[in-house]
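Asker: Take this structure first; my questions come after.
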Amino acid sequence: MSENASLKVLFVSAEVSPFSKSGGLGDVAGSLPKALRELSVDIRVVLPFYKSIPQNLLADAKAVCKFTIHLSWRSQEAEILSLGDSVYLIKNEHYFGRDGYYGYDDDYERFAFFTKASIEMLGHIGFKADILHFNDWHTGLGPTYLRDTYRGFTFYSAMKSLLTIHNLPRYFWA
């Protein structure tokens, strides 16, 4: 990477403060990208468009594009909204037009959709990330999707992934 080139990162998180937060994940996802921007990292953040996001935070949201995400058992439309050039929301009423963030019987499917849509979004917004930083169990399929589903596409071939676990489920510490 040349001196003038900036590292490009997509930060994928189910919670990002001030939009959504139930604990430490939201805090980290809200503050780490800001700190990295101060170090000249070109970082974009993507999160689900939850029904509970305060409307005043969405006043400047702009529709960017729509595309279909194919899961092995279902296809659903992902609508991408942007807040400036660094925050993106993935909207889908079926998965995220609900009260609360978690605790649904189909959470695995909701976040598989979100993770896959986050990766596919890159081509639609023209952001060729160097690193896709997936956060917590919600986005745990990200590195596998990148390697097994998208690696054959030239656009994604050089992208690397990182998975950070912030909160281990209780059964890991029992």
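Each chain in the structure tokens gets a letter, A, B and so on, in the order shown; residues start at 1 in every chain, and ligands are counted from 1 in the order they appear.
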List as JSON, numbers by chain the protein and nucleic acid residues near stretch 111-123 of chain A, meaning an atom at most 8 Å away when only C-alpha atoms are counted, but skip any in the same chain fewer than 5 places from it.
Answerer: {"A": [12, 14, 46, 47, 48, 69, 71, 78, 80, 90, 128, 129, 138, 139, 141, 142, 145, 146, 155]}
Asker: Could you pull the residues within 8 Å of A:Ser40, counting only C-alpha atoms, minus those fewer than 3 positions along the same chain, as a PyMOL selection string?
Answerer: chain A and resi 6-7+36-37
Asker: Hey, what's within 9 Å of stretch 50-55 of chain A if we count only C-alpha atoms and toss same-chain stuff fewer than 6 positions away? As a PDB file with all heavy atoms, in the first residue's frame, please?
Answerer:
```
ATOM      1  N   PRO A  18     -25.129   5.418  18.059  1.00  0.00           N
ATOM      2  CA  PRO A  18     -26.360   5.618  18.816  1.00  0.00           C
ATOM      3  C   PRO A  18     -27.602   4.997  18.171  1.00  0.00           C
ATOM      4  O   PRO A  18     -28.704   5.170  18.677  1.00  0.00           O
ATOM      5  CB  PRO A  18     -26.496   7.141  18.821  1.00  0.00           C
ATOM      6  CG  PRO A  18     -25.987   7.548  17.469  1.00  0.00           C
ATOM      7  CD  PRO A  18     -24.855   6.575  17.190  1.00  0.00           C
ATOM      8  N   PHE A  19     -27.459   4.256  17.076  1.00  0.00           N
ATOM      9  CA  PHE A  19     -28.602   3.704  16.359  1.00  0.00           C
ATOM     10  C   PHE A  19     -29.234   2.522  17.081  1.00  0.00           C
ATOM     11  O   PHE A  19     -30.451   2.406  17.143  1.00  0.00           O
ATOM     12  CB  PHE A  19     -28.186   3.274  14.939  1.00  0.00           C
ATOM     13  CG  PHE A  19     -27.526   4.369  14.174  1.00  0.00           C
ATOM     14  CD1 PHE A  19     -26.149   4.432  14.070  1.00  0.00           C
ATOM     15  CD2 PHE A  19     -28.285   5.361  13.581  1.00  0.00           C
ATOM     16  CE1 PHE A  19     -25.531   5.456  13.371  1.00  0.00           C
ATOM     17  CE2 PHE A  19     -27.678   6.394  12.883  1.00  0.00           C
ATOM     18  CZ  PHE A  19     -26.298   6.446  12.777  1.00  0.00           C
ATOM     19  N   SER A  20     -28.397   1.643  17.594  1.00  0.00           N
ATOM     20  CA  SER A  20     -28.875   0.448  18.294  1.00  0.00           C
ATOM     21  C   SER A  20     -27.815   0.033  19.294  1.00  0.00           C
ATOM     22  O   SER A  20     -26.620   0.054  18.989  1.00  0.00           O
ATOM     23  CB  SER A  20     -29.160  -0.678  17.297  1.00  0.00           C
ATOM     24  OG  SER A  20     -28.024  -0.938  16.487  1.00  0.00           O
ATOM     25  N   LEU A  89     -27.331   1.264   6.284  1.00  0.00           N
ATOM     26  CA  LEU A  89     -28.318   0.438   6.972  1.00  0.00           C
ATOM     27  C   LEU A  89     -28.922  -0.526   5.973  1.00  0.00           C
ATOM     28  O   LEU A  89     -29.201  -0.150   4.826  1.00  0.00           O
ATOM     29  CB  LEU A  89     -29.415   1.313   7.575  1.00  0.00           C
ATOM     30  CG  LEU A  89     -28.916   2.313   8.600  1.00  0.00           C
ATOM     31  CD1 LEU A  89     -29.100   3.714   8.073  1.00  0.00           C
ATOM     32  CD2 LEU A  89     -29.620   2.128   9.909  1.00  0.00           C
ATOM     33  N   ILE A  90     -29.138  -1.759   6.409  1.00  0.00           N
ATOM     34  CA  ILE A  90     -29.772  -2.760   5.564  1.00  0.00           C
ATOM     35  C   ILE A  90     -31.201  -2.937   6.057  1.00  0.00           C
ATOM     36  O   ILE A  90     -31.433  -3.361   7.185  1.00  0.00           O
ATOM     37  CB  ILE A  90     -29.002  -4.083   5.580  1.00  0.00           C
ATOM     38  CG1 ILE A  90     -27.620  -3.841   4.957  1.00  0.00           C
ATOM     39  CG2 ILE A  90     -29.790  -5.167   4.843  1.00  0.00           C
ATOM     40  CD1 ILE A  90     -26.723  -5.035   4.912  1.00  0.00           C
ATOM     41  N   LYS A  91     -32.122  -2.555   5.178  1.00  0.00           N
ATOM     42  CA  LYS A  91     -33.539  -2.573   5.532  1.00  0.00           C
ATOM     43  C   LYS A  91     -34.222  -3.786   4.923  1.00  0.00           C
ATOM     44  O   LYS A  91     -34.041  -4.088   3.740  1.00  0.00           O
ATOM     45  CB  LYS A  91     -34.208  -1.287   5.032  1.00  0.00           C
ATOM     46  CG  LYS A  91     -35.644  -1.137   5.465  1.00  0.00           C
ATOM     47  CD  LYS A  91     -36.180   0.226   5.052  1.00  0.00           C
ATOM     48  CE  LYS A  91     -37.599   0.413   5.555  1.00  0.00           C
ATOM     49  NZ  LYS A  91     -38.120   1.738   5.191  1.00  0.00           N
ATOM     50  N   ASN A  92     -35.015  -4.466   5.751  1.00  0.00           N
ATOM     51  CA  ASN A  92     -35.864  -5.562   5.313  1.00  0.00           C
ATOM     52  C   ASN A  92     -36.931  -5.733   6.386  1.00  0.00           C
ATOM     53  O   ASN A  92     -36.615  -6.109   7.522  1.00  0.00           O
ATOM     54  CB  ASN A  92     -35.066  -6.857   5.134  1.00  0.00           C
ATOM     55  CG  ASN A  92     -35.955  -8.024   4.767  1.00  0.00           C
ATOM     56  OD1 ASN A  92     -36.614  -8.592   5.619  1.00  0.00           O
ATOM     57  ND2 ASN A  92     -35.963  -8.379   3.500  1.00  0.00           N
ATOM     58  N   GLU A  93     -38.162  -5.433   6.051  1.00  0.00           N
ATOM     59  CA  GLU A  93     -39.259  -5.486   7.029  1.00  0.00           C
ATOM     60  C   GLU A  93     -39.447  -6.886   7.614  1.00  0.00           C
ATOM     61  O   GLU A  93     -39.743  -7.028   8.798  1.00  0.00           O
ATOM     62  CB  GLU A  93     -40.569  -5.005   6.398  1.00  0.00           C
ATOM     63  CG  GLU A  93     -40.631  -3.511   6.213  1.00  0.00           C
ATOM     64  CD  GLU A  93     -40.564  -2.741   7.523  1.00  0.00           C
ATOM     65  OE1 GLU A  93     -41.267  -3.113   8.485  1.00  0.00           O
ATOM     66  OE2 GLU A  93     -39.791  -1.767   7.580  1.00  0.00           O
ATOM     67  N   TYR A  95     -37.320  -9.194   8.336  1.00  0.00           N
ATOM     68  CA  TYR A  95     -36.335  -9.536   9.359  1.00  0.00           C
ATOM     69  C   TYR A  95     -36.159  -8.477  10.443  1.00  0.00           C
ATOM     70  O   TYR A  95     -35.888  -8.818  11.599  1.00  0.00           O
ATOM     71  CB  TYR A  95     -34.969  -9.799   8.718  1.00  0.00           C
ATOM     72  CG  TYR A  95     -34.920 -11.057   7.892  1.00  0.00           C
ATOM     73  CD1 TYR A  95     -34.462 -11.022   6.589  1.00  0.00           C
ATOM     74  CD2 TYR A  95     -35.317 -12.281   8.412  1.00  0.00           C
ATOM     75  CE1 TYR A  95     -34.393 -12.174   5.821  1.00  0.00           C
ATOM     76  CE2 TYR A  95     -35.272 -13.436   7.655  1.00  0.00           C
ATOM     77  CZ  TYR A  95     -34.809 -13.375   6.357  1.00  0.00           C
ATOM     78  OH  TYR A  95     -34.751 -14.521   5.606  1.00  0.00           O
ATOM     79  N   PHE A  96     -36.278  -7.204  10.101  1.00  0.00           N
ATOM     80  CA  PHE A  96     -35.917  -6.163  11.065  1.00  0.00           C
ATOM     81  C   PHE A  96     -37.044  -5.209  11.428  1.00  0.00           C
ATOM     82  O   PHE A  96     -36.842  -4.316  12.249  1.00  0.00           O
ATOM     83  CB  PHE A  96     -34.690  -5.390  10.555  1.00  0.00           C
ATOM     84  CG  PHE A  96     -33.527  -6.301  10.289  1.00  0.00           C
ATOM     85  CD1 PHE A  96     -33.015  -6.436   9.010  1.00  0.00           C
ATOM     86  CD2 PHE A  96     -32.970  -7.052  11.312  1.00  0.00           C
ATOM     87  CE1 PHE A  96     -31.957  -7.297   8.754  1.00  0.00           C
ATOM     88  CE2 PHE A  96     -31.921  -7.912  11.062  1.00  0.00           C
ATOM     89  CZ  PHE A  96     -31.410  -8.041   9.785  1.00  0.00           C
ATOM     90  N   GLY A  97     -38.220  -5.388  10.876  1.00  0.00           N
ATOM     91  CA  GLY A  97     -39.364  -4.549  11.224  1.00  0.00           C
ATOM     92  C   GLY A  97     -40.078  -5.089  12.451  1.00  0.00           C
ATOM     93  O   GLY A  97     -41.294  -5.260  12.457  1.00  0.00           O
ATOM     94  N   ARG A  98     -39.335  -5.360  13.503  1.00  0.00           N
ATOM     95  CA  ARG A  98     -39.857  -5.971  14.723  1.00  0.00           C
ATOM     96  C   ARG A  98     -39.434  -5.153  15.933  1.00  0.00           C
ATOM     97  O   ARG A  98     -38.512  -4.361  15.861  1.00  0.00           O
ATOM     98  CB  ARG A  98     -39.283  -7.388  14.888  1.00  0.00           C
ATOM     99  CG  ARG A  98     -39.461  -8.266  13.675  1.00  0.00           C
ATOM    100  CD  ARG A  98     -38.735  -9.579  13.834  1.00  0.00           C
ATOM    101  NE  ARG A  98     -38.831 -10.379  12.613  1.00  0.00           N
ATOM    102  CZ  ARG A  98     -38.427 -11.622  12.530  1.00  0.00           C
ATOM    103  NH1 ARG A  98     -37.896 -12.232  13.576  1.00  0.00           N
ATOM    104  NH2 ARG A  98     -38.537 -12.283  11.393  1.00  0.00           N
ATOM    105  N   ASP A  99     -40.090  -5.410  17.041  1.00  0.00           N
ATOM    106  CA  ASP A  99     -39.690  -4.777  18.294  1.00  0.00           C
ATOM    107  C   ASP A  99     -38.474  -5.516  18.841  1.00  0.00           C
ATOM    108  O   ASP A  99     -38.447  -6.739  18.858  1.00  0.00           O
ATOM    109  CB  ASP A  99     -40.828  -4.837  19.318  1.00  0.00           C
ATOM    110  CG  ASP A  99     -42.036  -4.027  18.875  1.00  0.00           C
ATOM    111  OD1 ASP A  99     -41.837  -2.958  18.279  1.00  0.00           O
ATOM    112  OD2 ASP A  99     -43.172  -4.482  19.113  1.00  0.00           O
ATOM    113  N   GLY A 100     -37.473  -4.791  19.263  1.00  0.00           N
ATOM    114  CA  GLY A 100     -36.282  -5.414  19.839  1.00  0.00           C
ATOM    115  C   GLY A 100     -35.313  -5.901  18.778  1.00  0.00           C
ATOM    116  O   GLY A 100     -35.645  -5.999  17.597  1.00  0.00           O
ATOM    117  N   TYR A 101     -34.109  -6.228  19.237  1.00  0.00           N
ATOM    118  CA  TYR A 101     -33.052  -6.662  18.325  1.00  0.00           C
ATOM    119  C   TYR A 101     -32.949  -8.179  18.232  1.00  0.00           C
ATOM    120  O   TYR A 101     -32.648  -8.704  17.163  1.00  0.00           O
ATOM    121  CB  TYR A 101     -31.686  -6.132  18.785  1.00  0.00           C
ATOM    122  CG  TYR A 101     -31.647  -4.658  19.073  1.00  0.00           C
ATOM    123  CD1 TYR A 101     -31.053  -4.185  20.231  1.00  0.00           C
ATOM    124  CD2 TYR A 101     -32.183  -3.730  18.192  1.00  0.00           C
ATOM    125  CE1 TYR A 101     -30.994  -2.824  20.506  1.00  0.00           C
ATOM    126  CE2 TYR A 101     -32.140  -2.371  18.454  1.00  0.00           C
ATOM    127  CZ  TYR A 101     -31.541  -1.926  19.618  1.00  0.00           C
ATOM    128  OH  TYR A 101     -31.486  -0.595  19.887  1.00  0.00           O
TER     129      TYR A 101
END
```
Asker: When you count only C-alpha atoms, which of these residues is closest to A:His166: A:Trp137, A:Asp106, A:Ile43, A:Asp148?
Answerer: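 Among the listed residues, A:Trp137 lies closest to A:His166.
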Asker: List every residue of stretch 16-166 of chain A that DSSP, applied to the backbone, labels as helix (DSSP H, G or I), and write the result as a PyMOL selection string.
Answerer: chain A and resi 24-38+55-58+93-96+107-125+137-139+142-150+154-156
Asker: Can you tell me how far atom CA of A:Leu57 sits from atom CA of A:Val16, in Å to one decimal?
Answerer: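 These two atoms are separated by 12.2 Å.
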Asker: Would you please extract all strand (DSSP E) residues from stretch 1-163 of chain A, as assigned by DSSP on the backbone, and give them as a PyMOL selection string?
Answerer: chain A and resi 8-12+42-48+62-71+74-83+87-91+131-135+160-163
Asker: Could you tell me how far atom CA of A:Phe49 sits from atom CA of A:Leu81, in Å to one decimal place?
Answerer: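 One can read the atom CA of A:Leu81 to atom CA of A:Phe49 distance as 8.5 Å.
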Asker: Quick one: everything within 9 Å of A:Arg44, counting only C-alpha atoms, minus sequence neighbours fewer than 2 positions away in the same chain. Send it as a list in words.
Answerer: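 Contacts, in chain order: Lys8, Val9, Leu10, Phe11, Val12, Pro33, Asp42, Val46, Asp85, Ser86, Val87, Tyr88, Phe127 and Ala129 of chain A.
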Asker: Figure out the distance between atom CA of A:Glu79 and atom CA of A:Cys65, please, to one decimal in Å.
Answerer: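 Straight-line distance from atom CA of A:Cys65 to atom CA of A:Glu79 works out to 5.9 Å.
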Asker: Identify which of the residues A:Ser82, A:Ser31, A:Ser161, A:Asn167 lies closest to A:Thr144, counting only C-alpha atoms when measuring atom-to-atom distances.
Answerer: A:Ser161
